[in-house]
$ cat final28.pdb   # PDB, C-alpha atoms
ATOM      1  CA  MET H1058      22.323   6.034  44.379
ATOM      2  CA  VAL H1059      21.531   4.111  41.226
ATOM      3  CA  PHE H1060      23.140   0.666  41.156
ATOM      4  CA  GLY H1061      26.538   0.940  39.552
ATOM      5  CA  LEU H1062      26.694   4.756  39.756
ATOM      6  CA  ASP H1063      27.797   7.000  42.579
ATOM      7  CA  ALA H1064      26.373  10.466  43.303
ATOM      8  CA  HIS H1065      28.656  11.980  40.672
ATOM      9  CA  GLY H1066      27.711   9.514  37.928
ATOM     10  CA  GLY H1067      30.907   7.502  38.286
ATOM     11  CA  SER H1068      30.753   3.775  37.806
ATOM     12  CA  HIS H1069      31.354   1.243  40.577
ATOM     13  CA  ARG H1070      30.898  -1.749  38.297
ATOM     14  CA  SER H1071      34.630  -2.266  37.928
ATOM     15  CA  LYS H1072      34.879  -2.597  41.705
ATOM     16  CA  LEU H1073      32.294  -5.383  42.023
ATOM     17  CA  PRO H1074      34.377  -8.154  40.360
ATOM     18  CA  SER H1075      37.297  -7.256  42.623
ATOM     19  CA  TYR H1076      35.236  -8.034  45.754
ATOM     20  CA  LYS H1077      36.283 -11.134  47.624
ATOM     21  CA  LYS H1078      33.882 -14.072  47.433
ATOM     22  CA  THR H1079      33.206 -13.636  51.152
ATOM     23  CA  SER H1080      32.366  -9.924  50.856
ATOM     24  CA  PRO H1081      29.078  -9.040  52.592
ATOM     25  CA  ALA H1082      28.146  -6.689  49.729
ATOM     26  CA  LEU H1083      28.684  -9.402  47.116
ATOM     27  CA  LYS H1084      26.762 -11.954  49.202
ATOM     28  CA  ALA H1085      23.879  -9.469  49.553
ATOM     29  CA  LEU H1086      23.769  -8.839  45.790
ATOM     30  CA  ILE H1087      23.799 -12.569  45.048
ATOM     31  CA  ALA H1088      20.981 -13.162  47.558
ATOM     32  CA  PHE H1089      18.990 -10.273  46.056
ATOM     33  CA  ASP H1090      19.474 -11.734  42.570
ATOM     34  CA  GLU H1091      18.237 -15.119  43.797
ATOM     35  CA  ILE H1092      15.115 -13.487  45.284
ATOM     36  CA  ILE H1093      14.341 -11.718  41.998
ATOM     37  CA  MET H1094      14.885 -14.931  40.011
ATOM     38  CA  THR H1095      12.722 -16.957  42.382
ATOM     39  CA  ASP H1096       9.940 -14.379  42.188
ATOM     40  CA  TYR H1097      10.110 -14.414  38.385
ATOM     41  CA  LEU H1098      10.084 -18.223  38.206
ATOM     42  CA  LEU H1099       7.056 -18.425  40.496
ATOM     43  CA  ASP H1100       5.244 -15.867  38.327
ATOM     44  CA  TYR H1101       6.275 -17.828  35.224
ATOM     45  CA  ILE H1102       4.925 -21.086  36.655
ATOM     46  CA  ASP H1103       1.649 -19.514  37.793
ATOM     47  CA  SER H1104       0.892 -17.357  34.749
ATOM     48  CA  LYS H1105      -0.107 -18.839  31.420
ATOM     49  CA  GLU H1106       0.197 -15.355  29.893
ATOM     50  CA  ILE H1107       3.853 -15.000  30.946
ATOM     51  CA  CYS H1108       4.632 -18.484  29.589
ATOM     52  CA  GLU H1109       3.069 -17.564  26.235
ATOM     53  CA  VAL H1110       4.953 -14.265  26.015
ATOM     54  CA  VAL H1111       8.259 -15.953  26.836
ATOM     55  CA  GLN H1112       7.601 -18.647  24.213
ATOM     56  CA  VAL H1113       6.828 -15.995  21.573
ATOM     57  CA  TRP H1114      10.122 -14.222  22.289
ATOM     58  CA  LEU H1115      12.073 -17.485  22.263
ATOM     59  CA  ASN H1116      10.529 -18.332  18.894
ATOM     60  CA  ARG H1117      11.445 -14.880  17.552
ATOM     61  CA  GLY H1118      15.028 -15.340  18.661
ATOM     62  CA  GLU H1119      15.186 -18.757  17.015
ATOM     63  CA  SER H1120      13.664 -17.352  13.826
ATOM     64  CA  TYR H1121      16.265 -14.600  13.763
ATOM     65  CA  HIS H1122      19.103 -17.109  14.149
ATOM     66  CA  GLN H1123      17.696 -19.201  11.297
ATOM     67  CA  LEU H1124      17.104 -16.166   9.080
ATOM     68  CA  SER H1125      20.532 -14.532   9.396
ATOM     69  CA  PRO H1126      22.566 -17.326   7.742
ATOM     70  CA  THR H1127      19.994 -17.552   4.956
ATOM     71  CA  ILE H1128      20.327 -13.834   4.223
ATOM     72  CA  ALA H1129      24.105 -14.056   4.363
ATOM     73  CA  LYS H1130      24.201 -16.906   1.859
ATOM     74  CA  VAL H1131      22.034 -15.058  -0.673
ATOM     75  CA  SER H1132      24.919 -12.786  -1.656
ATOM     76  CA  GLY H1133      27.349 -15.280  -3.095
ATOM     77  CA  GLY H1134      26.771 -18.259  -0.869
ATOM     78  CA  ARG H1135      29.187 -17.160   1.850
ATOM     79  CA  MET H1136      28.282 -16.200   5.376
ATOM     80  CA  LEU H1137      30.488 -13.125   5.656
ATOM     81  CA  CYS H1138      32.303 -11.457   2.791
ATOM     82  CA  GLY H1139      35.194  -9.140   3.480
ATOM     83  CA  LYS H1140      38.897  -9.076   4.066
ATOM     84  CA  THR H1141      39.250  -6.565   6.863
ATOM     85  CA  GLU H1142      37.610  -6.443  10.276
ATOM     86  CA  ILE H1143      35.692  -3.316   9.247
ATOM     87  CA  GLU H1144      34.317  -5.039   6.126
ATOM     88  CA  LEU H1145      33.295  -8.103   8.138
ATOM     89  CA  ASP H1146      31.633  -5.939  10.811
ATOM     90  CA  THR H1147      29.808  -3.911   8.148
ATOM     91  CA  ASN H1148      28.635  -7.108   6.455
ATOM     92  CA  ALA H1149      27.395  -8.556   9.753
ATOM     93  CA  GLU H1150      25.515  -5.341  10.595
ATOM     94  CA  CYS H1151      23.905  -5.306   7.132
ATOM     95  CA  ILE H1152      22.743  -8.890   7.610
ATOM     96  CA  ARG H1153      21.346  -7.944  11.018
ATOM     97  CA  LEU H1154      19.539  -4.910   9.543
ATOM     98  CA  ILE H1155      17.964  -6.953   6.733
ATOM     99  CA  ALA H1156      16.920  -9.702   9.167
ATOM    100  CA  ASN H1157      15.289  -7.151  11.463
ATOM    101  CA  ALA H1158      13.509  -5.538   8.498
ATOM    102  CA  VAL H1159      12.146  -8.940   7.403
ATOM    103  CA  ILE H1160      11.003  -9.748  10.945
ATOM    104  CA  PHE H1161       9.357  -6.304  11.242
ATOM    105  CA  TYR H1162       7.595  -6.725   7.888
ATOM    106  CA  ASP H1163       6.331 -10.159   8.911
ATOM    107  CA  ALA H1164       5.105  -8.748  12.230
ATOM    108  CA  ILE H1165       3.180  -6.003  10.390
ATOM    109  CA  LEU H1166       1.572  -8.588   8.079
ATOM    110  CA  LEU H1167       0.659 -10.884  10.959
ATOM    111  CA  SER H1168      -0.756  -7.994  12.997
ATOM    112  CA  GLY H1169      -2.902  -6.999  10.041
ATOM    113  CA  LEU H1170      -4.183 -10.550   9.645
ATOM    114  CA  HIS H1171      -4.837 -10.806  13.374
ATOM    115  CA  GLN H1172      -6.853  -7.579  13.351
ATOM    116  CA  HIS H1173      -8.762  -8.656  10.231
ATOM    117  CA  TYR H1174      -9.831 -12.028  11.666
TER     118      TYR H1174
END
$ encode --input "final28.pdb" --output "structure tokens"
Amino acid sequence: MVFGLDAHGGSHRSKLPSYKKTSPALKALIAFDEIIMTDYLLDYIDSKEICEVVQVWLNRGESYHQLSPTIAKVSGGRMLCGKTEIELDTNAECIRLIANAVIFYDAILLSGLHQHY
């Protein structure tokens, strides 16, 4: 059985929040989560490579969050233009698409420079 799915593909996720705080199954899942987190943190502390990879991804996330408002303001100086929820959602997705395209383009340029030098 895959976590969250029964043999027929049905989901058990909706049942997990309804477990009582004292449920043995919930306690076991929480303990398992703590083991995984502890293992990851020990690997993170011991491995310079993991630290560097995590820092790169944190920087990318920060760059994305700085880039999105800048892109949004280019078209008229407002973050989101639109009157309906669909227009606002479409505008937000367009901003996200442009930001991802810029980040991808920058990554291609940096990869080329890295390979060249």
$ axis_aligned_box --input "final28.pdb" --around "stretch 1098-1104 of chain H" --padding-each-side "3 Å" --output "AutoDock Vina command-line options"
--center_x 5.5 --center_y -18.5 --center_z 37.6 --size_x 15.2 --size_y 11.2 --size_z 11.7
$ atom_distance --input "final28.pdb" --atom1 "atom CA of H:Ser1120" --atom2 "atom CA of H:Ile1107"
19.9 Å
$ atom_distance --input "final28.pdb" --atom1 "atom CA of H:Gln1123" --atom2 "atom CA of H:Ile1102"
28.5 Å
$ atom_distance --input "final28.pdb" --atom1 "atom CA of H:Ala1164" --atom2 "atom CA of H:Asp1146"
26.7 Å
$ residues_near_point --input "final28.pdb" --point "(24.1, -11.2, 5.8)" --cutoff "7 Å" --atoms "all atoms listed in the file" --output "short mmCIF file (atom, residue, chain, number, x, y, z; two decimals) with C-alpha atoms, keeping the file's coordinate frame"
data_model
loop_
_atom_site.label_atom_id
_atom_site.label_comp_id
_atom_site.auth_asym_id
_atom_site.auth_seq_id
_atom_site.Cartn_x
_atom_site.Cartn_y
_atom_site.Cartn_z
CA SER H 1125 20.53 -14.53 9.40
CA PRO H 1126 22.57 -17.33 7.74
CA ILE H 1128 20.33 -13.83 4.22
CA ALA H 1129 24.10 -14.06 4.36
CA LYS H 1130 24.20 -16.91 1.86
CA MET H 1136 28.28 -16.20 5.38
CA LEU H 1137 30.49 -13.12 5.66
CA ASN H 1148 28.64 -7.11 6.46
CA ALA H 1149 27.40 -8.56 9.75
CA CYS H 1151 23.90 -5.31 7.13
CA ILE H 1152 22.74 -8.89 7.61
CA ARG H 1153 21.35 -7.94 11.02
#
$ closest_residue --input "final28.pdb" --among "H:Phe1089, H:Tyr1097, H:Trp1114, H:Tyr1121" --to "H:Ile1160" --atoms "all atoms listed in the file"
H:Tyr1121
$ closest_residue --input "final28.pdb" --among "H:Leu1167, H:Ala1082, H:Leu1099, H:Val1159" --to "H:Leu1124" --atoms "only C-alpha atoms"
H:Val1159
